[in-house]
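Visitor: Input structure: my_file23.txt, which contains compact mmCIF, C-alpha atoms.
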```txt
# COMPACT_ATOMS: atom_id res chain seq x y z
CA MET A 515 -19.55 -18.86 36.20
CA ASP A 516 -16.49 -20.93 35.36
CA GLY A 517 -12.99 -19.95 36.41
CA ASP A 518 -11.70 -18.80 33.03
CA ALA A 519 -14.78 -16.80 32.05
CA PHE A 520 -13.04 -13.46 32.46
CA GLU A 521 -9.77 -14.12 30.68
CA PRO A 522 -8.89 -11.37 28.17
CA CYS A 523 -10.35 -11.67 24.68
CA SER A 524 -8.00 -12.76 21.93
CA GLN A 525 -8.18 -13.18 18.21
CA VAL A 526 -7.80 -16.96 18.52
CA ARG A 527 -10.76 -18.88 17.14
CA VAL A 528 -13.03 -20.02 19.95
CA SER A 529 -14.10 -23.62 20.41
CA THR A 530 -17.35 -24.92 18.94
CA GLU A 531 -18.85 -25.18 22.42
CA VAL A 532 -18.02 -21.54 23.21
CA ALA A 533 -19.30 -20.40 19.82
CA VAL A 534 -22.65 -22.11 20.46
CA GLU A 535 -22.87 -20.53 23.91
CA ASN A 536 -22.01 -17.13 22.45
CA ARG A 537 -24.73 -17.38 19.80
CA ALA A 538 -27.25 -18.36 22.47
CA TRP A 539 -26.42 -15.29 24.57
CA VAL A 540 -26.71 -12.95 21.59
CA HIS A 541 -29.96 -14.52 20.39
CA ASP A 542 -31.64 -14.63 23.80
CA LEU A 543 -30.69 -11.07 24.71
CA SER A 544 -31.94 -9.86 21.32
CA VAL A 545 -35.34 -11.55 21.07
CA GLY A 546 -37.11 -9.86 23.96
CA GLY A 547 -40.12 -11.41 25.65
CA ALA A 548 -39.84 -14.05 28.36
CA ARG A 549 -36.70 -15.58 26.85
CA GLY A 550 -34.95 -12.21 26.71
CA GLU A 551 -35.94 -11.39 30.27
CA ALA A 552 -34.63 -14.73 31.51
CA ALA A 553 -31.30 -14.17 29.72
CA SER A 554 -31.08 -10.67 31.19
CA ARG A 555 -31.63 -12.04 34.70
CA ARG A 556 -28.92 -14.67 34.21
CA LEU A 557 -26.49 -12.12 32.86
CA HIS A 558 -27.29 -9.67 35.66
CA GLU A 559 -26.40 -12.35 38.23
CA ILE A 560 -23.03 -12.86 36.51
CA LEU A 561 -22.38 -9.11 36.28
CA LEU A 562 -23.34 -8.55 39.91
CA ARG A 563 -20.91 -11.22 41.11
CA ALA A 564 -18.20 -9.67 38.96
CA ALA A 565 -19.02 -6.16 40.19
CA ARG A 566 -18.95 -7.26 43.83
CA ALA A 567 -15.56 -8.92 43.32
CA GLU A 568 -14.16 -5.81 41.62
CA VAL A 569 -15.52 -3.48 44.30
CA ALA A 570 -14.20 -5.75 47.06
CA ARG A 571 -10.75 -5.64 45.47
CA ARG A 572 -10.80 -1.85 45.77
CA ALA A 573 -12.58 -1.66 49.15
CA SER A 574 -9.54 -1.24 51.41
CA ARG A 575 -8.27 1.89 49.70
CA LEU A 576 -11.79 3.34 49.44
CA ARG A 577 -12.37 2.77 53.15
CA LEU A 578 -15.93 1.69 52.41
CA ALA A 579 -17.91 -1.27 53.71
CA GLY A 580 -21.32 -2.88 53.80
CA PRO A 581 -24.30 -1.29 52.02
CA GLU A 582 -22.30 1.43 50.28
CA LEU A 583 -20.05 -1.11 48.60
CA ASP A 584 -22.99 -3.26 47.57
CA ASP A 585 -24.79 -0.21 46.22
CA ILE A 586 -21.86 0.56 43.91
CA ALA A 587 -21.82 -3.06 42.73
CA HIS A 588 -25.58 -3.11 42.05
CA GLN A 589 -25.45 0.19 40.15
CA ALA A 590 -22.48 -0.98 38.07
CA ALA A 591 -24.14 -4.33 37.24
CA ALA A 592 -27.40 -2.64 36.23
CA ASP A 593 -25.68 -0.03 34.07
CA ALA A 594 -23.44 -2.65 32.45
CA LEU A 595 -26.46 -4.83 31.64
CA LEU A 596 -28.23 -1.95 29.89
CA THR A 597 -25.13 -1.17 27.84
CA ILE A 598 -24.56 -4.81 26.89
CA CYS A 599 -28.18 -5.29 25.79
CA ARG A 600 -27.89 -2.16 23.66
CA LYS A 601 -24.62 -3.29 22.07
CA VAL A 602 -25.14 -7.05 21.96
CA GLN A 603 -25.27 -7.15 18.16
CA THR A 604 -21.76 -5.64 18.02
CA PHE A 605 -20.26 -8.68 19.81
CA ARG A 606 -17.77 -10.23 17.37
CA GLY A 607 -17.62 -13.67 18.98
CA ASP A 608 -13.81 -13.77 19.21
CA CYS A 609 -13.90 -14.61 22.93
CA LYS A 610 -16.40 -15.91 25.46
CA PHE A 611 -19.47 -13.71 25.72
CA THR A 612 -18.99 -13.44 29.50
CA THR A 613 -15.44 -12.19 28.93
CA TRP A 614 -16.75 -9.45 26.67
CA ALA A 615 -19.52 -8.62 29.15
CA TYR A 616 -17.05 -8.46 32.04
CA LYS A 617 -15.26 -5.50 30.48
CA PHE A 618 -18.44 -3.44 30.68
CA VAL A 619 -18.91 -4.07 34.39
CA VAL A 620 -15.23 -3.34 35.13
CA PHE A 621 -15.63 -0.08 33.26
CA ASP A 622 -18.76 0.86 35.23
CA VAL A 623 -17.25 -0.09 38.60
CA THR A 624 -14.12 1.93 37.88
CA ALA A 625 -16.12 4.93 36.67
CA LYS A 626 -18.19 4.95 39.85
CA VAL A 627 -15.15 4.35 42.08
CA SER A 628 -13.28 7.13 40.26
CA ARG A 629 -16.07 9.62 40.89
CA HIS A 630 -16.17 8.57 44.55
CA PHE A 631 -12.38 8.81 44.82
CA TRP A 632 -12.28 12.34 43.43
CA GLN A 633 -15.21 13.47 45.60
CA ARG A 634 -13.28 12.28 48.64
CA ALA A 635 -10.22 14.18 47.46
CA GLY A 636 -12.34 17.31 47.07
CA ALA A 637 -13.57 16.88 50.62
CA SER A 638 -9.94 16.89 51.88
CA ILE A 639 -9.99 13.24 52.89
CA ALA A 640 -6.57 12.11 54.11
CA PHE A 641 -4.78 9.91 51.58
CA GLU A 642 -2.99 6.69 52.40
CA GLU A 643 0.58 5.97 51.35
CA GLU A 644 -0.57 3.65 48.57
CA ASP A 645 -2.48 6.56 47.03
CA TRP A 646 0.82 8.40 46.66
CA ASP A 647 2.32 5.33 45.04
CA ARG A 648 -0.39 5.52 42.39
CA LEU A 649 -0.28 9.23 41.67
CA PRO A 650 3.24 9.48 40.17
CA ALA A 651 2.65 6.43 37.96
CA ALA A 652 -0.63 7.75 36.60
CA GLY A 653 0.07 11.46 36.60
CA GLY A 654 3.83 11.83 36.29
CA LEU A 655 3.86 13.94 39.47
CA GLU A 656 6.26 13.11 42.28
CA PRO A 657 5.96 14.75 45.72
CA GLU A 658 9.33 14.63 47.48
CA THR A 659 7.96 14.38 51.03
CA HIS A 660 4.71 13.24 52.57
CA ALA A 661 3.78 16.77 53.71
CA GLU A 662 4.62 18.20 50.31
CA GLY A 663 2.62 15.38 48.77
CA ARG A 664 -0.55 16.24 50.65
CA ASP A 665 -0.24 19.90 49.68
CA LEU A 666 0.49 18.87 46.09
CA MET A 667 -2.58 16.64 46.02
CA ASP A 668 -4.80 19.61 46.87
CA ALA A 669 -3.17 21.55 44.04
CA VAL A 670 -3.59 18.59 41.65
CA HIS A 671 -7.26 18.36 42.54
CA ARG A 672 -7.78 22.03 41.75
CA ALA A 673 -5.86 21.70 38.49
CA VAL A 674 -7.83 18.61 37.43
CA ASP A 675 -11.11 20.43 38.08
CA GLU A 676 -10.06 23.68 36.42
CA LYS A 677 -7.64 22.76 33.62
CA LEU A 678 -8.71 19.40 32.21
CA THR A 679 -11.55 18.70 29.83
CA GLU A 680 -14.25 16.27 30.98
CA LYS A 681 -12.69 13.50 28.85
CA GLN A 682 -9.17 14.18 30.15
CA ARG A 683 -10.46 14.24 33.73
CA PHE A 684 -12.22 10.90 33.34
CA VAL A 685 -9.20 9.18 31.76
CA PHE A 686 -6.79 10.60 34.35
CA VAL A 687 -8.88 9.52 37.35
CA ALA A 688 -9.85 6.15 35.81
CA LEU A 689 -6.21 5.21 35.17
CA LEU A 690 -5.23 6.53 38.59
CA ASN A 691 -7.78 4.13 40.06
CA GLY A 692 -6.38 1.16 38.18
CA MET A 693 -8.72 0.74 35.23
CA PRO A 694 -6.96 -1.47 32.64
CA THR A 695 -6.08 0.58 29.55
CA ASP A 696 -7.65 -1.99 27.22
CA VAL A 697 -10.96 -1.86 29.09
CA LEU A 698 -10.94 1.94 29.07
CA ALA A 699 -10.12 2.01 25.36
CA ASP A 700 -12.78 -0.58 24.46
CA GLN A 701 -15.57 1.11 26.34
CA MET A 702 -14.67 4.60 25.11
CA GLY A 703 -14.45 3.33 21.52
CA ALA A 704 -10.82 4.45 21.32
CA THR A 705 -7.42 2.93 20.60
CA HIS A 706 -4.66 2.46 23.17
CA ASN A 707 -2.71 5.23 21.46
CA ALA A 708 -5.67 7.60 21.76
CA ILE A 709 -5.93 6.90 25.50
CA TYR A 710 -2.19 7.44 25.94
CA LYS A 711 -2.50 10.73 24.02
CA VAL A 712 -5.34 11.92 26.26
CA MET A 713 -3.32 10.99 29.35
CA PHE A 714 -0.18 12.67 28.00
CA ASP A 715 -2.10 15.89 27.30
CA ALA A 716 -3.70 15.75 30.76
CA ARG A 717 -0.32 15.30 32.44
CA ARG A 718 1.14 18.17 30.44
CA LYS A 719 -1.70 20.49 31.45
CA LEU A 720 -1.42 19.48 35.09
CA ARG A 721 2.34 19.92 35.18
CA THR A 722 2.07 23.34 33.52
CA ALA A 723 -0.52 24.40 36.10
CA LEU A 724 1.61 23.14 38.98
CA VAL A 725 4.76 24.78 37.62
CA ASP A 726 2.90 28.06 37.17
CA SER A 727 1.61 27.91 40.75
CA GLY A 728 5.06 27.09 42.15
CA TYR A 729 4.42 23.52 43.24
CA LEU A 730 6.85 21.95 40.76
CA PRO A 731 10.06 23.13 39.10
CA GLY A 732 9.83 24.01 35.42
CA ARG A 733 10.56 20.72 33.65
CA LYS A 734 8.96 18.86 30.80
CA VAL A 735 6.62 15.91 31.14
CA ASP A 736 8.39 12.61 30.43
```
Now, as a test, write the supplied structure out as structure tokens.
Guide:
Amino acid sequence: MDGDAFEPCSQVRVSTEVAVENRAWVHDLSVGGARGEAASRRLHEILLRAARAEVARRASRLRLAGPELDDIAHQAAADALLTICRKVQTFRGDCKFTTWAYKFVVFDVTAKVSRHFWQRAGASIAFEEEDWDRLPAAGGLEPETHAEGRDLMDAVHRAVDEKLTEKQRFVFVALLNGMPTDVLADQMGATHNAIYKVMFDARRKLRTALVDSGYLPGRKVD
């Protein structure tokens, strides 16, 4: 996999060489048979390398290692491959095929990491300082002290479980875990504005719940 394979897609016309490569990927993944299986194996290898790199980038804050990390990467690569094969005919060809494919595996890694992250929160796992750096940026919630922050996190977890819809919960936790907004929007079939609206509504619900329970003063979401 070459170094620029995962640069963001753009609307700039791709080179002839890239266009030929793109058409080959689409054709081979569409035809089935031995040729389709071979293309699927090649793509799975690319997706697995990408998934391992993405999981490794997040490993320190997850406090995971070894087989568990590799299991997440394998699951994400397999799920991404199935989705790509199902949607291959929707590829517009305005970037490298591997760039387009990469977004699916990033989405799957983040979804699995997000579920793991929130399960750990539900199990009262102690949070590191960098987790508190992420929470205000994603949720608009600012604990004033470390002790207050830990107590607030428990209240946030309850509010997320009880007050948010499934879609709001997924977007909130995915963005909290660093999923790029464009990847989230692409894979959910939504616009950036729609994602921002979901996040805004989620923040408003969480703040209302925390104000009502006495964890935050009564002030509007920014």
Visitor: Quick check, in Å to one decimal: how far apart do atom CA of Ala565 of chain A and atom CA of Lys681 of chain A lie?
Guide: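 Separating atom CA of Ala565 of chain A from atom CA of Lys681 of chain A is a distance of 23.6 Å.
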Visitor: Rounded to one decimal in Å, what is the spacing between atom CA of Met713 of chain A and atom CA of Asp675 of chain A?
Guide: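 Spanning atom CA of Met713 of chain A to atom CA of Asp675 of chain A is a straight-line distance of 15.0 Å.
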Visitor: For Leu678 of chain A, work out the shell of residues within 12 Å, counting all atoms listed in the file and skipping chain neighbours fewer than 5 positions away, then give it as a PyMOL selection string.
Guide: chain A and resi 670-673+683-687+712-723
Visitor: In Å, rounded to a single decimal, give me how far atom CA of Gly607 of chain A is from atom CA of Met702 of chain A.
Guide: 19.5 Å
Visitor: So, with all atoms listed in the file as the atoms that count, which of A:Ala570, A:Val623, A:Ala564, A:Leu557 lies closest to Gln589 of chain A?
Guide: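 Of the candidates, the smallest distance to Gln589 of chain A is held by A:Val623.
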Visitor: When distances are computed from only C-alpha atoms, which of A:Thr530, A:Ile560, A:Ala699, A:Asp726 shows the smallest separation from His588 of chain A?
Guide: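 The answer is A:Ile560, which sits nearest to His588 of chain A.
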Visitor: Counting all atoms listed in the file, which residue out of A:Ala592, A:Val540, A:Ile709, A:Ala552 sits closest to Val619 of chain A?
Guide: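 Under the stated criterion, the closest residue is A:Ala592.
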Visitor: Taking (-27.5, -4.3, 37.5) in the coordinates of the supplied file, I want to know which residues reach to within 12 Å of it, counting only C-alpha atoms; could you give the answer as a ChimeraX atom specification?
Guide: /A:554-566,584-599,618-619,622-623
Visitor: Using the file's own x, y and z axes, so that the box edges lie along x, y and z, what centre and edge lengths in Å (one decimal) does a box around every listed atom of segment 589-592 of chain A get when 8 Å is added on each side? Give it as JSON.
Guide:
```
{"center_x": -24.9, "center_y": -2.1, "center_z": 38.2, "size_x": 20.9, "size_y": 20.5, "size_z": 19.9}
```
Visitor: Of the candidates A:Phe611, A:Ser529, A:Ala567, A:Ala704, which shows the shortest atom-to-atom distance to His541 of chain A, using all atoms listed in the file?
Guide: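 When distances to His541 of chain A are compared using all atoms listed in the file, the smallest one comes from A:Phe611.
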Visitor: From (-24.0, -8.8, 24.2), in the file's coordinates, out to 8 Å: which residues are reached, counting all atoms listed in the file? Answer as an NGL selection string.
Guide: :A and (539-540 or 543 or 598-605 or 611 or 614-615)
Visitor: With distances taken over all atoms listed in the file, which residue among A:Gln682, A:Asp665, A:Val534, A:Met693 lies nearest Lys626 of chain A?
Guide: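 Among the listed residues, A:Met693 lies closest to Lys626 of chain A.
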Visitor: Counting all atoms listed in the file, which of A:Val620, A:Val532, A:Ala553, A:Ala538 gets nearest to Arg572 of chain A?
Guide: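 For Arg572 of chain A, the nearest of the given residues is A:Val620.
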